[in-house]
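Undergrad: Sharing a structure, written as structure tokens. Questions coming.
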Amino acid sequence: MSTAQDWEIVIGLEVHAQLATQTKIFSRESAAYGAEPNSHVNEVCAGLPGVLPVLNRDAVELAMKAGYALGCDVHRWSQFDRKNYFYPDLPKGYQISQFTHPICTGGHVDYLLDGQVKRCNLTRIHMEEDAGKSTHVDAVSLVDLNRAGTPLIEIVSEPELRSAEEAAAYLRELRLILRTLEVCDGNMDEGSFRCDANVSVRRPGAPLGTRAEIKNINSFRFVLRAIDYEVARQIDVIESGGAVVQETRLFNSNTGRTSSMRGKEEAHDYRYFPDPDLPPLVIDEAWADRVAGSLPELPMARRLRYQETLGLSAYDADNLTAAAPVARFFEAALAAHPGNPKGVANWVLNDLMANVANPEEDLDALPITPDHLAQLVRLIDDQEINGKIAKTVFTRMLATGRPPAEICDEEGLRPISDPARIRPMLEQLLADNPSQVAGYRAGKLKLLGFFIGQAMQLTKGKADPNVTKDLLVAMLEGGEG
Amino acid sequence: MTALHTLTVQAMLEGLDGREFSAAELCEQTLDAIDAANPRLNAFITVTHDEARAQARAADEARARGEAGPLAGVPIALKDILLNRGVRTTAASRMLSNFVAPYDGAVVERLRTAGAVFVGKTNCDAFAMGSSNENSFFGPVDNPVVPGCTPGGSSGGSAAAVAAHLCGAAIGTDTGGSIRQPASHCGIVGLKPTYGRVSRFGVVAFASSLDQVGPMGKTVQDTARLLEVIAGHDPRDATSSRQPTEPWTEATRRGVDGLEGLRIGVPREYFVGGIEPDVEAAIRAAIDRLEVAGAELHEISLPHTEYAVATYYLLCTAEASSNLARYDGMRYGHRADGDDLLEVYARSRDEGFGDENKRRIMLGTYALSAGYYDAYYLRAQKVRTLIRRDFEQAFASVDAIVTPTSPSTAFPLGTRVEDPLAMYLSDIYTISCNLAGLPGMSLPCGVDGAGKPIGLQLLGRWFEEATLFRIGAAHEALAAPMRSTP
Amino acid sequence: MSERHISEEEVRHVARLARLALNDDELQSIGRDLNAILDYVDKLAELDLTGVEPTTHAVPLELALRQDVVVKTLTREDVLANAPSAREGLFCVPRAVEGGN
């Protein structure tokens with residue numbers, strides 16, 4: 001068996017990302033997930049006789065956003081083509097896509113792997129419509145067209161990825177970018193972010209090997225396993241004297257293997273031609289400028305800013321940007337309390353995240369708001385509470401959703417530092433201990449410790465020691481009591 | 001009053017507005033005429049008696065309230081590739097023989113709002129592919145003017161219905177001449193509007209970059225009135241133009257005076273041979289009359305005319321092969337038996353489509369297929385550019401072009417089905433118009449020695465239907481009136 | 001059948017692509033027709049098309065875009081009304097090989 005160094009792995013990825021629009025790309029039906037079968041289907045989605053496609057403006061804008069963010073050439077003139085094939089969940093017998101003149105070409109994705117920034121270039125991004133869904137039961141297939149016509153962008157990378165790990169890291173970053181842009185919700189379970197991998201192997205220096213396409217990988221775990229299996233399979237085939245067949249394979253997550261899709265041996269001839277129902281898409285300069293100028297801060301830039309401007313470590317920066325809701329939360333908390341980025345970061349990464357199974361979904365549902373977290377950190381920074389008490393307060397905040405100051409007050413967690421509140425108690429204390437007062441005033445300064453101790457006992461440690469001390473000195477020496 | 005159904009739309013509207021008769025009466029007489037004539041003519045696949053009566057009643061009530069639409073009470077026939085909700089829409093095919101439309105197309109909506117009375121769905125070549133209406137699953141249509149002969153195609157049923165007074169006017173579609181040629185063979189007026197003038201939403205698609213819906217009527221004015229109702233931008237059709245509609249009936253009012261200042265081109269390539277002598281004589285006589293009446297005639301050249309049929313039959317079949325892919329028996333339409341999916345697909349389509357449909361699907365699939373796209377489809381698209389340029393050049397010096405609509409008159413049914421290529425070649429005069437997206441009108445221009453109607457064709461600049469109506473009205477005033485049929 | 005342009009094998013291949021179950025007679029007949037038509041359309045090769053752009057739409061058109069607002073037109077019943085076979089709101093078809101595209 002040869003080792004990994006004997007072989008070079010070549011991977012190119014095609015990602016289908018569903019655009020976050022209300023309606024489908026060519027019809028006015030809802031694109032929302034999860035409805036009763038065939039209830040988000042109109043005449044256009046169903047491919048009935050006589051229907052025509054009309055392009056969704058927001059879908060175009062989201063595709064433009066993705067293109068600008070990924071450094072593509074966003075073409076002001078592009079065209080839709082028909083991709084012709086027969087399948088029960090493809091209602092028109094063709095898919096409206098872009099073949100010859102896609103909306104974007106070029107571009108790249110910069111991603112992190114083991115602390116290093118790597119770049120994978122893109123070939124193109126094009127817009128297209130999704131097909132419906134078939135489930136296969138006994139001798140029939142059951143077709144739901146709800147998904148038919150939802151807007152997709154297909155992002156095609158150059159075959160520059162060299163390992164399953166690179167592929168996974170690339171996908172994570174791409175997904176994060178699209179979520180940050182609010183172009184796609186990246187929900188892999190619901191199928192809004194799907195990946196096909198083109199995998200081949202070659203001896204170093206040799207020409208590109210024959211590639212196999214692994215379809216519909218829909219989780220990051222599967223990416224690694226599918227590619228690892230496929231690479232091993234191909235190496236095995238070649239070393240046994242065989243040749244890799246150019247084909248489409250499906251990954252089976254139960255067995256961990258890829259298998260050839262039966263019946264797909266007949267090569268598809270898609271007979272692409274420009275869709276005569278759709279004139280070319282022309283984007284005017286004003287629109288292009290507006291979208292290009294409206295991009296939010298992207299994850300890579302954000303990581304850099306966290307390190308350079310806020311002084312956070314690379315590790316913290318990466319973890320804060322790993323999920324869009326986390327970065328959003330952090331930034332909102334920071335806005336409320338800008339003075340201690342590291343402190344806020346720690347609370348977010350350690351305490352907050354410990355209570356969140358899936359940051360993507362659960363963070364926004366937590367009862368703690370960024371504002372509340374900021375207040376907590378401020379309380380510590382202002383030395384109104386110490387770290388230990390803060391942890392308790394945090395737990396209460398998690399349980400009740402109430403602001404920290406309220407909790408402190410109610411449960412008496414905050415050291416009392418308001419002189420007005422301490423004075424009466426000290427007055428009582430001095431009144432109850434006249435001989436110690438006289439002793440102090442006669443020069444036995446050490447008696448201050450007695451009074452401080454007494455004051456702490458009386459307040460159960462809640463009185464602020466410094467304020468108490470200053471007050472006592474003032475009261476003792478001021479001749480009161 | 002009797003024989004109300006033989007009136008023009010103009011006369012119907014005047015009579016209805018003048019309370020001389022009701023829409024209900026008009027409807028009833030039309031339905032009676034249909035019931036009497038249709039068994040012989042087979043112009044209608046479906047007659048919608050109940051719906052028509054309900055619409056007629058509604059029209060009478062609207063008129064009583066002073067709210068009558070521009071076509072209130074007028075019986076209209078719809079080619080059976082236009083979808084109207086709740087009514088069987090077959091495209092004259094076995095594939096859709098039981099398909100009930102769940103929605104109204106745009107043109108149908110506009111006609112409905114205008115108060116039209118839909119008497120039924122007319123026969124045509126299946127999926128609008130054909131020039132003789134002999135490719136219908138529901139049998140051929142007989143030409144009411146020349147019994148035993150074809151009415152032309154593909155809108156043969158609509159043309160026959162108008163010619164036989166089975167409706168006030170009808171709607172057809174035209175991809176390569178399918179309104180104009182049947183209009184010519186049946187002695188009526190037919191207009192293919194500029195591409196984009198009328199919405200294609202709700203029309204079974206044949207060739208998307210060539211199809212247009214258009215009016216077919218007894219007179220030029222009727223045809224103009226219908227266009228006023230059906231034309232206009234539709235946001236559901238991305239190829240629909242924003243050009244404003246015009247009061248086209250106005251353009252028909254001046255009669256012969258409308259010719260003043262107009263320059264009309266006669267393309268030499270359309271008169272080089274292959275035209276029946278009677279047809280040529282009638283056309284030339286009509287051209288002479290237009291000149292005498294004040295039009296300026298010029299000889300022009302459309303040098304790429306000889307390439308039009310080849311170009312058309314590569315492009316329309318390619319688009320059709322894709323447009324007809326949805327007819328697979330899965331979600332609607334005819335489903336055959338089969339052992340597996342592939343067999344069900346292939347048998348449903350083989351059984352559901354007619355020979356001409358299959359022939360064109362095969363040709364179109366081939367023209368788009370890997371290795372042949374450049375030689376066939378792409379090449380044809382480039383020649384289309386040259387054909388369009390021919391017209392741009394011609395229209396720099398003339399305002400309209402006049403030609404025969406068809407080189408021959410209606411042939412006897414069943415005499416030409418064996419030779420598809422010969423059929424294609426007979427479309428020579430109408431096809432370039434669709435390739436260039438121009439408006440084209442066919443007008444009755446007398447009859448040949450056997451009494452078969454001859455058609456005069458006018459072609460205009462993009463969106464200049466008004467010019468066609470002007471010339472058409474003048475020609476109508478100068479020529480013999482439309483023949484009535486028993 | 002003259003196979004100047006398209007062979008019988010190619011005709012079968014095209015029929016498969018187009019999902020048409022043509023019997024032998026139909027294959028022969030269509031094959032003849034296709035060859036005759038392809039013979040005819042060969043005249044387009046006479047033309048010099050250097051520098052000529054292809055035309056998809058003869059009339060200059062600008063693609064109009066649509067607002068991203070849901071407008072309901074059909075119900076599920078409407079959509080399924082013409083289905084040859086439906087089950088619990090789903091279209092029921094002979095079993096497909098997994099994948100599509």
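In the structure tokens, each chain is lettered A, B, ... as it comes, each chain's residues begin at 1, and ligands are numbered from 1 in order of appearance.
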Go through range 26-118 of chain A and flag each residue having an atom no more than 12 Å from range 39-57 of chain C; for those, report the closest pair of atoms plus their distance in Å to one decimal, using only C-alpha atoms, ordered by chain and rising number, as CSV.

TA:
```
residue,atom,partner,partner_atom,distance
A:Gln79,CA,C:Thr56,CA,10.9
A:Phe80,CA,C:Thr56,CA,11.6
A:Asp81,CA,C:Thr56,CA,11.3
```

Undergrad: Please provide the set of residues having any atom within 9 Å of range 250-253 of chain A, restricted to only C-alpha atoms, with same-chain residues fewer than 2 positions apart removed, written as a list of chain:residue names.

TA: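 Near range 250-253 of chain A, the qualifying residues are A:Glu213, A:Ile214, A:Lys215, A:Asn216, A:Ile217, A:Phe222, A:Arg225, A:Ala226, A:Thr248, A:Thr255, A:Gly256, A:Arg257, A:Thr258, A:Ser259, A:Ser260, A:Met261, C:Gly99.
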
Undergrad: Please identify all residues of chain C having at least one atom at most 9 Å from any atom of chain B, considering only C-alpha atoms, and return them as an MDAnalysis selection string.

TA: chainID C and resid 10:11 14:22 26 30 33:34 36:38 40:45 47 49 52:59 61:66 73:74 78:86 91:97

Undergrad: Using only C-alpha atoms, I'd like every residue of chain A that has an atom within 7 Å of chain C; please write them out as number ranges by chain.

TA: A: 21-23, 28-30, 37-39, 42-43, 54-58, 87, 136, 139-144, 263, 276, 278-281

Undergrad: Could I get the residues of chain A with an atom no further than 8 Å from an atom of chain B, each paired with its nearest atom pair and that distance in Å to one decimal, using only C-alpha atoms, sorted by chain and residue number, as CSV?

TA:
```
residue,atom,partner,partner_atom,distance
A:Glu43,CA,B:Tyr103,CA,7.9
A:Gly47,CA,B:Arg326,CA,6.7
A:Leu48,CA,B:Arg326,CA,7.8
A:Pro49,CA,B:Val204,CA,5.1
A:Gly50,CA,B:Gly202,CA,4.2
A:Val51,CA,B:Phe201,CA,5.7
A:Leu52,CA,B:Asp237,CA,6.0
A:Pro53,CA,B:Ala238,CA,7.0
A:Val54,CA,B:Ala238,CA,5.6
A:Asn84,CA,B:Ser322,CA,6.9
A:Phe86,CA,B:Ala325,CA,7.6
A:Pro88,CA,B:Met330,CA,6.6
A:Pro91,CA,B:Arg326,CA,6.2
A:Lys92,CA,B:Arg326,CA,4.4
A:Gly93,CA,B:Ala325,CA,4.8
A:Tyr94,CA,B:Ser322,CA,7.2
A:Asp269,CA,B:Ala370,CA,6.3
A:Tyr270,CA,B:Ser369,CA,7.7
A:Arg271,CA,B:Ser369,CA,5.2
A:Tyr272,CA,B:Leu368,CA,7.4
A:Phe273,CA,B:Leu368,CA,7.5
A:Pro276,CA,B:Ser209,CA,5.4
A:Asp277,CA,B:Ser208,CA,6.2
A:Leu278,CA,B:Ala238,CA,6.0
A:Pro279,CA,B:Thr239,CA,6.8
```

Undergrad: Check range 143-195 of chain B with DSSP on the backbone and list each residue it calls helix (DSSP H, G or I), as a list in words.

TA: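 Taking range 143-195 of chain B and keeping helix (DSSP H, G or I) gives Gly156, Gly157, Ser158, Ala159, Ala160, Ala161, Val162, Ala163, Arg180, Gln181, Pro182, Ala183, Ser184, His185 and Cys186 of chain B.
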
Undergrad: Select, from A:Asp130, A:Glu182, A:Asp114, A:Glu384, the residue with the minimum atom-to-atom distance to Ala66 in chain A, counting only C-alpha atoms.

TA: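 Between A:Asp130, A:Glu182, A:Asp114, A:Glu384, the residue approaching Ala66 in chain A most closely is A:Glu182.
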
Undergrad: If you run DSSP on this backbone, which residues of range 160-197 of chain A come out as strand (DSSP E), and could you give them as an MDAnalysis selection string?

TA: chainID A and resid 193:197

Undergrad: Excluding Gly152 in chain B and its own-chain neighbours fewer than 6 positions away, which residues fall within 7 Å of it when counting only C-alpha atoms? Please give them as an NGL selection string.

TA: :B and (131-133 or 181-182 or 185 or 410)

Undergrad: If you keep all heavy atoms, can you produce a file of those selected residues as a PDB file, in the first residue's frame?

TA:
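Saved the output as part_26.pdb:
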```
ATOM      1  N   SER B 131     -49.162  22.997 -41.620  1.00  0.00           N
ATOM      2  CA  SER B 131     -49.657  24.048 -42.508  1.00  0.00           C
ATOM      3  C   SER B 131     -50.969  23.680 -43.160  1.00  0.00           C
ATOM      4  O   SER B 131     -51.358  24.280 -44.149  1.00  0.00           O
ATOM      5  CB  SER B 131     -48.622  24.332 -43.606  1.00  0.00           C
ATOM      6  OG  SER B 131     -47.350  24.491 -43.057  1.00  0.00           O
ATOM      7  N   SER B 132     -51.645  22.659 -42.653  1.00  0.00           N
ATOM      8  CA  SER B 132     -52.861  22.234 -43.343  1.00  0.00           C
ATOM      9  C   SER B 132     -53.946  21.754 -42.389  1.00  0.00           C
ATOM     10  O   SER B 132     -54.998  21.335 -42.834  1.00  0.00           O
ATOM     11  CB  SER B 132     -52.531  21.093 -44.309  1.00  0.00           C
ATOM     12  OG  SER B 132     -52.107  19.958 -43.562  1.00  0.00           O
ATOM     13  N   ASN B 133     -53.685  21.804 -41.083  1.00  0.00           N
ATOM     14  CA  ASN B 133     -54.638  21.297 -40.100  1.00  0.00           C
ATOM     15  C   ASN B 133     -54.956  19.819 -40.336  1.00  0.00           C
ATOM     16  O   ASN B 133     -56.019  19.337 -39.967  1.00  0.00           O
ATOM     17  CB  ASN B 133     -55.931  22.115 -40.068  1.00  0.00           C
ATOM     18  CG  ASN B 133     -56.479  22.268 -38.644  1.00  0.00           C
ATOM     19  OD1 ASN B 133     -56.926  23.328 -38.247  1.00  0.00           O
ATOM     20  ND2 ASN B 133     -56.460  21.190 -37.876  1.00  0.00           N
ATOM     21  N   GLN B 181     -51.417  32.180 -43.274  1.00  0.00           N
ATOM     22  CA  GLN B 181     -51.684  31.232 -44.370  1.00  0.00           C
ATOM     23  C   GLN B 181     -53.108  30.684 -44.312  1.00  0.00           C
ATOM     24  O   GLN B 181     -53.798  30.654 -45.331  1.00  0.00           O
ATOM     25  CB  GLN B 181     -50.598  30.139 -44.344  1.00  0.00           C
ATOM     26  CG  GLN B 181     -50.661  29.180 -45.512  1.00  0.00           C
ATOM     27  CD  GLN B 181     -51.146  27.830 -45.031  1.00  0.00           C
ATOM     28  OE1 GLN B 181     -52.076  27.765 -44.220  1.00  0.00           O
ATOM     29  NE2 GLN B 181     -50.536  26.780 -45.522  1.00  0.00           N
ATOM     30  N   PRO B 182     -53.632  30.254 -43.158  1.00  0.00           N
ATOM     31  CA  PRO B 182     -55.045  29.849 -43.135  1.00  0.00           C
ATOM     32  C   PRO B 182     -55.999  31.007 -43.452  1.00  0.00           C
ATOM     33  O   PRO B 182     -57.039  30.803 -44.073  1.00  0.00           O
ATOM     34  CB  PRO B 182     -55.269  29.319 -41.721  1.00  0.00           C
ATOM     35  CG  PRO B 182     -54.049  29.584 -40.951  1.00  0.00           C
ATOM     36  CD  PRO B 182     -52.959  29.953 -41.877  1.00  0.00           C
ATOM     37  N   HIS B 185     -56.060  31.073 -47.142  1.00  0.00           N
ATOM     38  CA  HIS B 185     -56.789  29.952 -47.743  1.00  0.00           C
ATOM     39  C   HIS B 185     -58.285  30.047 -47.518  1.00  0.00           C
ATOM     40  O   HIS B 185     -59.071  29.459 -48.260  1.00  0.00           O
ATOM     41  CB  HIS B 185     -56.290  28.622 -47.175  1.00  0.00           C
ATOM     42  CG  HIS B 185     -54.968  28.186 -47.735  1.00  0.00           C
ATOM     43  ND1 HIS B 185     -54.314  28.864 -48.736  1.00  0.00           N
ATOM     44  CD2 HIS B 185     -54.190  27.115 -47.438  1.00  0.00           C
ATOM     45  CE1 HIS B 185     -53.173  28.247 -49.024  1.00  0.00           C
ATOM     46  NE2 HIS B 185     -53.079  27.174 -48.250  1.00  0.00           N
ATOM     47  N   ALA B 410     -55.602  26.721 -51.454  1.00  0.00           N
ATOM     48  CA  ALA B 410     -55.850  25.523 -50.652  1.00  0.00           C
ATOM     49  C   ALA B 410     -55.845  24.257 -51.492  1.00  0.00           C
ATOM     50  O   ALA B 410     -56.543  24.165 -52.481  1.00  0.00           O
ATOM     51  CB  ALA B 410     -57.189  25.655 -49.934  1.00  0.00           C
TER      52      ALA B 410
END
```

Undergrad: Please, what distance in Å, to one decimal, runs between CA of Ser432 in chain B and CA of Gly176 in chain B?

TA: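 So the answer is 7.8 Å.
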
Undergrad: List the spatial neighbours of Arg289 in chain B as a PyMOL selection string - criterion: any atom at most 12 Å away, only C-alpha atoms, same-chain residues fewer than 6 positions off excluded.

TA: chain B and resi 256+259+282-283+295-297+445+471+474-479

Undergrad: Could you please take those selected residues and save C-alpha atoms as a PDB file, in the first residue's frame?

TA:
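In the end it all went to part.pdb:
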```
ATOM      1  CA  VAL B 256     -58.039  54.644 -49.621  1.00  0.00           C
ATOM      2  CA  LEU B 259     -52.353  55.333 -48.598  1.00  0.00           C
ATOM      3  CA  ALA B 282     -54.287  38.593 -58.327  1.00  0.00           C
ATOM      4  CA  ILE B 283     -51.423  39.929 -56.232  1.00  0.00           C
ATOM      5  CA  ALA B 295     -49.150  54.456 -52.775  1.00  0.00           C
ATOM      6  CA  GLU B 296     -45.576  54.718 -53.989  1.00  0.00           C
ATOM      7  CA  LEU B 297     -44.335  51.324 -55.149  1.00  0.00           C
ATOM      8  CA  CYS B 445     -57.344  39.123 -52.452  1.00  0.00           C
ATOM      9  CA  ILE B 471     -52.886  49.800 -46.136  1.00  0.00           C
ATOM     10  CA  ALA B 474     -57.314  50.761 -48.367  1.00  0.00           C
ATOM     11  CA  HIS B 475     -56.888  47.396 -50.065  1.00  0.00           C
ATOM     12  CA  GLU B 476     -60.169  46.229 -48.582  1.00  0.00           C
ATOM     13  CA  ALA B 477     -61.941  49.251 -49.977  1.00  0.00           C
ATOM     14  CA  LEU B 478     -60.465  48.594 -53.411  1.00  0.00           C
ATOM     15  CA  ALA B 479     -60.892  44.826 -53.515  1.00  0.00           C
TER      16      ALA B 479
END
```
